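Undergrad: Pasting final-v6.cif here (mmCIF, C-alpha atoms):
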```
data_target
#
loop_
_atom_site.group_PDB
_atom_site.id
_atom_site.type_symbol
_atom_site.label_atom_id
_atom_site.label_comp_id
_atom_site.auth_asym_id
_atom_site.auth_seq_id
_atom_site.Cartn_x
_atom_site.Cartn_y
_atom_site.Cartn_z
ATOM 1 C CA MET U 1 3.627 -14.228 -7.375
ATOM 2 C CA SER U 2 1.745 -13.758 -10.626
ATOM 3 C CA GLU U 3 -0.695 -10.894 -10.891
ATOM 4 C CA PRO U 4 -4.325 -11.740 -11.575
ATOM 5 C CA ALA U 5 -5.381 -10.839 -15.106
ATOM 6 C CA ILE U 6 -8.353 -8.838 -13.826
ATOM 7 C CA THR U 7 -8.026 -5.486 -12.079
ATOM 8 C CA LEU U 8 -11.031 -3.828 -10.466
ATOM 9 C CA TYR U 9 -10.933 -0.122 -9.707
ATOM 10 C CA ARG U 10 -13.326 0.375 -6.845
ATOM 11 C CA LEU U 11 -14.468 2.735 -4.150
ATOM 12 C CA GLN U 12 -14.874 1.494 -0.607
ATOM 13 C CA SER U 13 -18.568 0.983 0.321
ATOM 14 C CA CYS U 14 -19.775 1.684 -3.216
ATOM 15 C CA PRO U 15 -22.767 -0.619 -3.879
ATOM 16 C CA PHE U 16 -22.201 -0.628 -7.626
ATOM 17 C CA CYS U 17 -18.642 -1.802 -7.048
ATOM 18 C CA GLU U 18 -19.858 -4.513 -4.668
ATOM 19 C CA ARG U 19 -22.135 -5.740 -7.417
ATOM 20 C CA ALA U 20 -19.148 -6.271 -9.679
ATOM 21 C CA VAL U 21 -17.258 -7.929 -6.806
ATOM 22 C CA ARG U 22 -20.117 -10.366 -6.144
ATOM 23 C CA LYS U 23 -20.072 -11.373 -9.782
ATOM 24 C CA LEU U 24 -16.292 -11.866 -9.804
ATOM 25 C CA GLN U 25 -16.621 -14.035 -6.707
ATOM 26 C CA GLU U 26 -19.544 -15.965 -8.147
ATOM 27 C CA TYR U 27 -17.321 -17.036 -11.037
ATOM 28 C CA ASP U 28 -14.306 -17.642 -8.760
ATOM 29 C CA LEU U 29 -12.191 -15.166 -10.684
ATOM 30 C CA GLU U 30 -8.884 -13.900 -9.312
ATOM 31 C CA TYR U 31 -8.727 -10.127 -9.311
ATOM 32 C CA THR U 32 -6.686 -7.258 -7.941
ATOM 33 C CA SER U 33 -8.582 -4.505 -6.139
ATOM 34 C CA ARG U 34 -7.360 -0.947 -6.560
ATOM 35 C CA PHE U 35 -9.176 1.428 -4.252
ATOM 36 C CA VAL U 36 -9.580 5.029 -5.352
ATOM 37 C CA GLU U 37 -10.743 8.227 -3.699
ATOM 38 C CA PRO U 38 -14.343 9.308 -3.170
ATOM 39 C CA MET U 39 -13.637 12.604 -4.985
ATOM 40 C CA HIS U 40 -14.116 12.170 -8.728
ATOM 41 C CA SER U 41 -11.454 14.810 -9.388
ATOM 42 C CA ASP U 42 -8.878 12.611 -7.613
ATOM 43 C CA ARG U 43 -9.458 9.641 -9.881
ATOM 44 C CA ASP U 44 -7.007 10.354 -12.676
ATOM 45 C CA VAL U 45 -5.909 6.739 -12.824
ATOM 46 C CA VAL U 46 -9.459 5.615 -13.577
ATOM 47 C CA LYS U 47 -9.821 8.318 -16.204
ATOM 48 C CA ARG U 48 -6.581 7.213 -17.846
ATOM 49 C CA GLU U 49 -7.627 3.579 -17.885
ATOM 50 C CA SER U 50 -11.214 3.932 -18.977
ATOM 51 C CA GLY U 51 -11.902 7.470 -20.141
ATOM 52 C CA VAL U 52 -14.368 8.084 -17.312
ATOM 53 C CA ARG U 53 -14.065 8.903 -13.618
ATOM 54 C CA THR U 54 -16.831 6.622 -12.398
ATOM 55 C CA VAL U 55 -16.232 3.321 -10.645
ATOM 56 C CA PRO U 56 -16.330 0.408 -10.879
ATOM 57 C CA VAL U 57 -14.020 -0.052 -13.800
ATOM 58 C CA ILE U 58 -12.736 -3.465 -14.771
ATOM 59 C CA VAL U 59 -9.574 -4.166 -16.771
ATOM 60 C CA ASP U 60 -9.418 -7.740 -18.039
ATOM 61 C CA GLU U 61 -6.131 -8.736 -19.609
ATOM 62 C CA ASN U 62 -7.607 -12.103 -20.624
ATOM 63 C CA THR U 63 -9.721 -10.381 -23.221
ATOM 64 C CA GLY U 64 -8.179 -6.917 -23.513
ATOM 65 C CA VAL U 65 -11.433 -5.396 -22.289
ATOM 66 C CA THR U 66 -11.612 -2.230 -20.176
ATOM 67 C CA MET U 67 -15.110 -1.391 -19.090
ATOM 68 C CA ALA U 68 -17.036 0.974 -16.814
ATOM 69 C CA GLU U 69 -20.622 0.826 -15.462
ATOM 70 C CA SER U 70 -21.584 -1.979 -13.111
ATOM 71 C CA ALA U 71 -24.470 -3.234 -15.247
ATOM 72 C CA ASN U 72 -22.208 -3.512 -18.267
ATOM 73 C CA ILE U 73 -19.536 -5.213 -16.175
ATOM 74 C CA VAL U 74 -21.972 -7.760 -14.764
ATOM 75 C CA GLU U 75 -23.262 -8.485 -18.228
ATOM 76 C CA TYR U 76 -19.720 -8.786 -19.555
ATOM 77 C CA LEU U 77 -18.698 -11.194 -16.780
ATOM 78 C CA ASP U 78 -21.804 -13.323 -17.354
ATOM 79 C CA ARG U 79 -21.124 -13.402 -21.051
ATOM 80 C CA THR U 80 -17.408 -14.148 -20.710
ATOM 81 C CA TYR U 81 -17.170 -16.389 -17.659
ATOM 82 C CA GLY U 82 -20.722 -17.506 -16.889
ATOM 83 C CA GLU U 83 -22.609 -20.569 -17.944
ATOM 84 C CA GLN U 84 -24.076 -18.490 -20.715
ATOM 85 C CA SER U 85 -20.662 -17.695 -22.127
ATOM 86 C CA GLY U 86 -20.284 -18.594 -25.768
ATOM 87 C CA GLU U 87 -23.281 -18.761 -28.053
ATOM 88 C CA ALA U 88 -26.146 -18.781 -25.549
ATOM 89 C CA ARG U 89 -25.880 -15.156 -24.497
ATOM 90 C CA ALA U 90 -29.357 -13.952 -25.349
ATOM 91 C CA GLY U 91 -30.494 -14.025 -21.728
ATOM 92 C CA ALA U 92 -27.536 -12.071 -20.367
ATOM 93 C CA THR U 93 -28.083 -8.931 -22.388
ATOM 94 C CA ALA U 94 -31.573 -8.712 -20.930
ATOM 95 C CA ASN U 95 -30.003 -8.143 -17.493
ATOM 96 C CA VAL U 96 -28.545 -4.768 -18.381
ATOM 97 C CA ALA U 97 -30.051 -2.258 -16.017
ATOM 98 C CA GLY U 98 -29.963 1.467 -16.508
ATOM 99 C CA GLU U 99 -28.346 2.735 -13.307
ATOM 100 C CA GLN U 100 -25.268 4.946 -13.340
ATOM 101 C CA SER U 101 -22.533 4.757 -10.759
ATOM 102 C CA MET G 1 22.463 9.953 26.781
ATOM 103 C CA ASP G 2 21.970 12.854 29.209
ATOM 104 C CA LEU G 3 18.926 14.794 28.137
ATOM 105 C CA GLU G 4 17.322 17.785 29.802
ATOM 106 C CA PHE G 5 13.854 16.421 29.139
ATOM 107 C CA ASP G 6 12.254 13.046 29.629
ATOM 108 C CA VAL G 7 11.963 10.626 26.793
ATOM 109 C CA VAL G 8 10.229 7.299 27.117
ATOM 110 C CA ASP G 9 12.637 4.400 27.352
ATOM 111 C CA LEU G 10 11.329 1.603 25.132
ATOM 112 C CA GLY G 11 13.943 -0.964 26.030
ATOM 113 C CA GLU G 12 15.673 -3.235 23.569
ATOM 114 C CA PRO G 13 13.826 -3.945 20.328
ATOM 115 C CA ASP G 14 13.591 -7.491 19.009
ATOM 116 C CA ASN G 15 13.897 -6.673 15.337
ATOM 117 C CA PRO G 16 15.440 -8.802 12.591
ATOM 118 C CA ASP G 17 19.074 -7.928 12.311
ATOM 119 C CA GLU G 18 21.525 -7.667 9.472
ATOM 120 C CA GLY G 19 21.792 -11.040 7.760
ATOM 121 C CA ASP G 20 18.351 -12.200 8.964
ATOM 122 C CA ARG G 21 15.487 -12.817 6.606
ATOM 123 C CA ALA G 22 12.968 -9.978 6.721
ATOM 124 C CA PRO G 23 9.483 -11.255 7.651
ATOM 125 C CA ASP G 24 7.120 -11.094 4.697
ATOM 126 C CA PHE G 25 3.765 -9.360 4.997
ATOM 127 C CA GLU G 26 0.957 -8.168 2.774
ATOM 128 C CA ARG G 27 -0.929 -4.918 3.360
ATOM 129 C CA PRO G 28 -2.641 -2.202 1.326
ATOM 130 C CA LEU G 29 0.118 -0.130 -0.282
ATOM 131 C CA VAL G 30 -0.899 3.442 -1.001
ATOM 132 C CA ASN G 31 0.356 5.591 -3.846
ATOM 133 C CA ASP G 32 -0.839 8.936 -5.108
ATOM 134 C CA GLU G 33 -3.734 7.413 -6.997
ATOM 135 C CA TYR G 34 -4.938 4.202 -5.386
ATOM 136 C CA TRP G 35 -4.083 1.452 -2.965
ATOM 137 C CA GLU G 36 -3.851 -2.268 -3.499
ATOM 138 C CA ASP G 37 -2.744 -5.259 -1.445
ATOM 139 C CA THR G 38 0.979 -5.714 -1.930
ATOM 140 C CA SER G 39 3.497 -7.961 -0.214
ATOM 141 C CA LEU G 40 7.044 -7.115 0.755
ATOM 142 C CA SER G 41 8.244 -10.104 -1.272
ATOM 143 C CA GLU G 42 6.600 -8.677 -4.397
ATOM 144 C CA LEU G 43 8.654 -5.530 -3.882
ATOM 145 C CA THR G 44 11.930 -7.301 -3.138
ATOM 146 C CA ALA G 45 11.412 -9.453 -6.243
ATOM 147 C CA GLU G 46 12.014 -6.196 -8.135
ATOM 148 C CA GLY G 47 15.138 -5.260 -6.163
ATOM 149 C CA PRO G 48 16.216 -3.803 -2.816
ATOM 150 C CA VAL G 49 13.663 -2.135 -0.551
ATOM 151 C CA ALA G 50 14.053 0.589 2.076
ATOM 152 C CA LEU G 51 11.340 0.112 4.699
ATOM 153 C CA VAL G 52 10.584 2.898 7.168
ATOM 154 C CA PHE G 53 8.310 2.257 10.153
ATOM 155 C CA TYR G 54 7.073 5.546 11.587
ATOM 156 C CA PRO G 55 4.520 6.893 14.105
ATOM 157 C CA MET G 56 0.958 7.518 12.941
ATOM 158 C CA ASP G 57 0.357 10.084 10.193
ATOM 159 C CA GLY G 58 -0.209 13.501 11.702
ATOM 160 C CA ALA G 59 2.107 12.998 14.678
ATOM 161 C CA PHE G 60 5.117 15.306 14.441
ATOM 162 C CA PRO G 61 7.714 12.542 13.951
ATOM 163 C CA ALA G 62 5.850 11.418 10.823
ATOM 164 C CA THR G 63 6.095 14.948 9.440
ATOM 165 C CA TYR G 64 9.789 15.364 10.312
ATOM 166 C CA ILE G 65 10.834 11.947 9.060
ATOM 167 C CA TRP G 66 9.219 12.341 5.642
ATOM 168 C CA ASN G 67 10.382 15.925 5.242
ATOM 169 C CA GLU G 68 13.942 14.796 5.906
ATOM 170 C CA LEU G 69 13.766 11.777 3.586
ATOM 171 C CA ARG G 70 12.169 13.934 0.886
ATOM 172 C CA ASP G 71 14.889 16.588 1.227
ATOM 173 C CA ARG G 72 17.539 13.903 0.893
ATOM 174 C CA ASP G 73 15.927 12.613 -2.299
ATOM 175 C CA ILE G 74 15.936 9.179 -0.746
ATOM 176 C CA ASP G 75 13.922 7.986 -3.704
ATOM 177 C CA SER G 76 16.647 8.941 -6.186
ATOM 178 C CA TYR G 77 18.564 5.723 -5.536
ATOM 179 C CA ASP G 78 17.667 2.547 -7.360
ATOM 180 C CA VAL G 79 15.834 1.246 -4.292
ATOM 181 C CA THR G 80 12.099 0.975 -3.620
ATOM 182 C CA VAL G 81 11.224 3.269 -0.698
ATOM 183 C CA VAL G 82 8.145 2.392 1.352
ATOM 184 C CA GLY G 83 6.844 3.580 4.708
ATOM 185 C CA LEU G 84 4.537 1.836 7.146
ATOM 186 C CA SER G 85 2.308 3.206 9.892
ATOM 187 C CA ILE G 86 -0.995 2.264 11.505
ATOM 188 C CA SER G 87 -2.779 5.053 9.642
ATOM 189 C CA THR G 88 -5.496 4.333 7.102
ATOM 190 C CA PRO G 89 -5.019 4.594 3.330
ATOM 191 C CA TYR G 90 -6.974 7.857 3.345
ATOM 192 C CA GLU G 91 -4.520 9.383 5.824
ATOM 193 C CA HIS G 92 -1.582 8.069 3.812
ATOM 194 C CA LYS G 93 -2.860 9.840 0.717
ATOM 195 C CA THR G 94 -3.030 13.072 2.716
ATOM 196 C CA LEU G 95 0.520 12.569 4.011
ATOM 197 C CA LEU G 96 1.858 11.924 0.507
ATOM 198 C CA GLU G 97 0.310 15.215 -0.612
ATOM 199 C CA GLU G 98 1.191 17.292 2.439
ATOM 200 C CA ARG G 99 4.835 16.159 2.445
ATOM 201 C CA THR G 100 4.842 16.757 -1.336
ATOM 202 C CA ILE G 101 6.137 13.261 -2.024
ATOM 203 C CA GLU G 102 3.142 12.189 -4.105
ATOM 204 C CA ASP G 103 5.147 12.454 -7.325
ATOM 205 C CA THR G 104 8.096 10.417 -6.044
ATOM 206 C CA GLY G 105 7.984 6.644 -6.086
ATOM 207 C CA ILE G 106 7.519 6.578 -2.311
ATOM 208 C CA ARG G 107 4.515 4.528 -1.184
ATOM 209 C CA LEU G 108 3.043 3.803 2.230
ATOM 210 C CA PHE G 109 1.757 0.568 3.753
ATOM 211 C CA SER G 110 -1.324 0.785 5.940
ATOM 212 C CA ASP G 111 -1.363 -1.530 8.973
ATOM 213 C CA PRO G 112 -4.014 -0.430 11.510
ATOM 214 C CA SER G 113 -3.743 -3.815 13.262
ATOM 215 C CA ASN G 114 -0.024 -3.179 13.933
ATOM 216 C CA GLU G 115 0.673 -6.851 13.261
ATOM 217 C CA VAL G 116 3.620 -6.099 11.005
ATOM 218 C CA ALA G 117 5.347 -4.261 13.852
ATOM 219 C CA GLU G 118 4.692 -7.357 15.966
ATOM 220 C CA GLN G 119 6.347 -9.551 13.297
ATOM 221 C CA TYR G 120 9.296 -7.170 13.349
ATOM 222 C CA GLY G 121 9.565 -7.046 17.147
ATOM 223 C CA ILE G 122 9.112 -3.278 17.306
ATOM 224 C CA VAL G 123 5.690 -2.681 18.915
ATOM 225 C CA ASN G 124 5.304 0.578 20.813
ATOM 226 C CA ASP G 125 2.324 0.574 23.204
ATOM 227 C CA LEU G 126 1.043 4.110 23.369
ATOM 228 C CA ASP G 127 0.470 5.478 26.842
ATOM 229 C CA GLY G 128 -2.811 7.338 27.189
ATOM 230 C CA MET G 129 -4.348 5.852 24.040
ATOM 231 C CA HIS G 130 -6.059 2.750 25.278
ATOM 232 C CA GLY G 131 -6.070 -0.089 22.758
ATOM 233 C CA VAL G 132 -3.751 1.711 20.353
ATOM 234 C CA ASP G 133 -0.233 0.605 19.603
ATOM 235 C CA GLU G 134 2.023 1.381 16.691
ATOM 236 C CA PRO G 135 5.509 0.568 15.425
ATOM 237 C CA ARG G 136 8.578 2.130 16.947
ATOM 238 C CA THR G 137 10.372 4.256 14.437
ATOM 239 C CA ALA G 138 12.621 1.810 12.590
ATOM 240 C CA THR G 139 14.492 1.679 9.312
ATOM 241 C CA PHE G 140 15.471 -1.377 7.306
ATOM 242 C CA VAL G 141 17.230 -1.920 4.028
ATOM 243 C CA ILE G 142 16.309 -5.293 2.562
ATOM 244 C CA ASP G 143 17.898 -6.843 -0.508
ATOM 245 C CA GLY G 144 16.321 -8.725 -3.383
ATOM 246 C CA GLU G 145 16.579 -12.020 -1.476
ATOM 247 C CA ARG G 146 14.688 -10.406 1.411
ATOM 248 C CA THR G 147 17.807 -10.465 3.554
ATOM 249 C CA VAL G 148 18.203 -7.551 5.948
ATOM 250 C CA GLN G 149 21.236 -5.470 5.006
ATOM 251 C CA TYR G 150 20.696 -2.660 7.451
ATOM 252 C CA ALA G 151 18.518 -2.470 10.563
ATOM 253 C CA TRP G 152 17.866 0.220 13.114
ATOM 254 C CA ALA G 153 15.006 0.503 15.627
ATOM 255 C CA ALA G 154 14.296 3.196 18.178
ATOM 256 C CA ARG G 155 15.064 2.538 21.835
ATOM 257 C CA GLU G 156 13.401 5.722 23.015
ATOM 258 C CA HIS G 157 10.289 7.626 22.100
ATOM 259 C CA PRO G 158 10.582 9.889 20.317
ATOM 260 C CA GLU G 159 13.782 8.989 18.557
ATOM 261 C CA PHE G 160 14.707 9.722 14.980
ATOM 262 C CA PRO G 161 16.573 7.539 12.492
ATOM 263 C CA ASP G 162 20.255 8.082 11.877
ATOM 264 C CA TYR G 163 19.551 9.511 8.460
ATOM 265 C CA ASP G 164 23.172 9.531 7.250
ATOM 266 C CA GLU G 165 23.629 5.890 8.155
ATOM 267 C CA PHE G 166 20.290 4.948 6.596
ATOM 268 C CA GLU G 167 20.986 6.837 3.390
ATOM 269 C CA ALA G 168 24.433 5.258 3.132
ATOM 270 C CA ALA G 169 22.830 1.813 3.480
ATOM 271 C CA VAL G 170 20.306 2.696 0.787
ATOM 272 C CA GLU G 171 23.116 3.835 -1.471
ATOM 273 C CA ASP G 172 25.048 0.618 -0.803
ATOM 274 C CA ALA G 173 22.013 -1.493 -1.670
ATOM 275 C CA ALA G 174 21.527 0.439 -4.897
ATOM 276 C CA ASP G 175 25.134 -0.186 -5.891
ATOM 277 C CA ASP G 176 25.020 -3.939 -5.311
#
```
Show me this structure written as C-alpha cells.
TA:
Amino acid sequence: MSEPAITLYRLQSCPFCERAVRKLQEYDLEYTSRFVEPMHSDRDVVKRESGVRTVPVIVDENTGVTMAESANIVEYLDRTYGEQSGEARAGATANVAGEQS
Amino acid sequence: MDLEFDVVDLGEPDNPDEGDRAPDFERPLVNDEYWEDTSLSELTAEGPVALVFYPMDGAFPATYIWNELRDRDIDSYDVTVVGLSISTPYEHKTLLEERTIEDTGIRLFSDPSNEVAEQYGIVNDLDGMHGVDEPRTATFVIDGERTVQYAWAAREHPEFPDYDEFEAAVEDAADD
C-alpha cells in the first residue's frame, strides 16, 4: 500500500484542523491523519516537523511544503490543488484570515 | 489445572493457528507521539510482527504483561512488536508512558469495537460490564507473508502468556 503524499497533523475535535480536512476532501486529496495530544508540550513531533507546536500542520511531499496555520493551509491547498491553481491565484490570497490555532 | 481459586473458563478459542493466514485489519496505531491508521499488512510488509492481544489498559493483566515484555526486551529482536486492546489512543499513550516503553519501538492498536478480536476468534465477553467485550489475552507471531508462525490464546480468565515460548517464537521469526 503506498502512503499518501500528504500528512496532516491534527488534534481531535479541533475546528481549525477540521477546516483543513474539509479543504483536503473538497479537492479529493489522499492524506494520512496523525493525531497528536491536546497538551502542546506533548507535541514534539509537530515541533520537529514544522518548528511550531500548533496544529494543524500539513506536510506535502508533492511540493516539499510543510506548513502550519489553518488559514495558510487552506490558501495553500486552494493555490496548489484548486481551480485557481496556476496563474489565477489573486483571489485565493484574499481568503487568508487572521485566526491562530 | 487444580487451582485454589476460581478462574473463569473461556472454553476453546477459535483463533488462526500456525500455518494459517493472519486476518488483516486496520486500526489507529499509537506510538509515543501520535496515532495513525495502520494495517497489519503494512507492518508485515516490513517483516515479522509479534501481536499481543491484552485486556483493557488499566486492568492488572495489562500492567503485568507489558512489564514482563519490557523486562525481556522483547523489542530487541528484529521483529515489530505491537499490542492491541479496546482502550482508546489516549489510554494507550498513558500505558506506553507508565510502563516506560514509550522509547521502545512498541506500539499499540486501539480497537474499541473489539472487531479485530472477533476476526481472530478470541472475544471475551466481560461479566458485569454490560455491552463491553474485549479480546482474550493472546499472542501471535506472524511472518512477512502474514502467515501465523506461533499462536496462543487464553482459555481462562485471567491467564497469562507463556512468555518463554512467545519470546522463543519471536527470536525464531527474527532469525528467519
Undergrad: Residues of chain U near chain G: apply a cut-off of 8 Å, count all atoms listed in the file, and supply the list as a list in words.
TA: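 Contact residues on the first chain: Met1, Thr32, Ser33, Arg34, Phe35, Val36, Glu37, Asp42, Arg43, Asp44 and Val45 of chain U.
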Undergrad: Could you dump the residues just selected with C-alpha atoms as a tab-separated table (two decimals), in the frame of the given file?
TA:
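Output contents, as saved in out_13.tsv:
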```tsv
chain	number	residue	atom	x	y	z
U	1	MET	CA	3.63	-14.23	-7.38
U	32	THR	CA	-6.69	-7.26	-7.94
U	33	SER	CA	-8.58	-4.50	-6.14
U	34	ARG	CA	-7.36	-0.95	-6.56
U	35	PHE	CA	-9.18	1.43	-4.25
U	36	VAL	CA	-9.58	5.03	-5.35
U	37	GLU	CA	-10.74	8.23	-3.70
U	42	ASP	CA	-8.88	12.61	-7.61
U	43	ARG	CA	-9.46	9.64	-9.88
U	44	ASP	CA	-7.01	10.35	-12.68
U	45	VAL	CA	-5.91	6.74	-12.82
```
Undergrad: Can you spell out as a ChimeraX atom specification the set of residues that the PyMOL selection byres ((chain G and resi 55) around 9) selects in the structure I just provided?
TA: /G:53-54,56-62,84-87,134-137
Undergrad: Applying the PyMOL selection byres ((chain G and resi 15) around 12) to the file I just gave you, which residues come out? Please list them as a count of residues only.
TA: 33
Undergrad: What is the distance, in Å and to one decimal place, between CA of Ile58 in chain U and CA of Glu83 in chain U?
TA: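 Separation of CA of Ile58 in chain U and CA of Glu83 in chain U: 20.0 Å.
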Undergrad: Please measure the separation of CA of Glu102 in chain G and CA of Val57 in chain U, giving the value in Å to one decimal.
TA: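 It comes out at 23.2 Å.
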Undergrad: With a distance cut-off of 10 Å and all atoms listed in the file, select the neighbouring residues of Trp66 in chain G, excluding the residue or stretch itself and same-chain residues fewer than 2 positions from it, and output the selection as a list of chain:residue names.
TA: G:Val52, G:Tyr54, G:Pro61, G:Ala62, G:Thr63, G:Tyr64, G:Glu68, G:Leu69, G:Arg70, G:Asp71, G:Arg72, G:Ile74, G:Gly83, G:Leu95, G:Leu96, G:Glu98, G:Arg99, G:Thr100, G:Ile101, G:Ile106
Undergrad: Distance CA of Ile65 in chain G-CA of Thr44 in chain G, one decimal place?
TA: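 Atom-to-atom, CA of Ile65 in chain G to CA of Thr44 in chain G, that is 22.8 Å.
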Undergrad: For the PyMOL selection byres ((chain U and resi 28) around 12), applied here, can you spell out every residue it catches as a ChimeraX atom specification?
TA: /U:4,6,21-27,29-31,77,81-82
Undergrad: For Glu115 in chain G, which of G:Glu46, G:Glu26, G:Asp172, G:Asp162 is the closest residue, counting only C-alpha atoms?
TA: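 So, comparing all the options, the nearest one is G:Glu26.
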Undergrad: Tell me, as a PyMOL selection string, which residues lie within 9 Å of Val55 in chain U, counting all atoms listed in the file; anything in the same chain fewer than 5 positions away does not count.
TA: chain U and resi 8-11+14+16-17+36+46+68-70+101
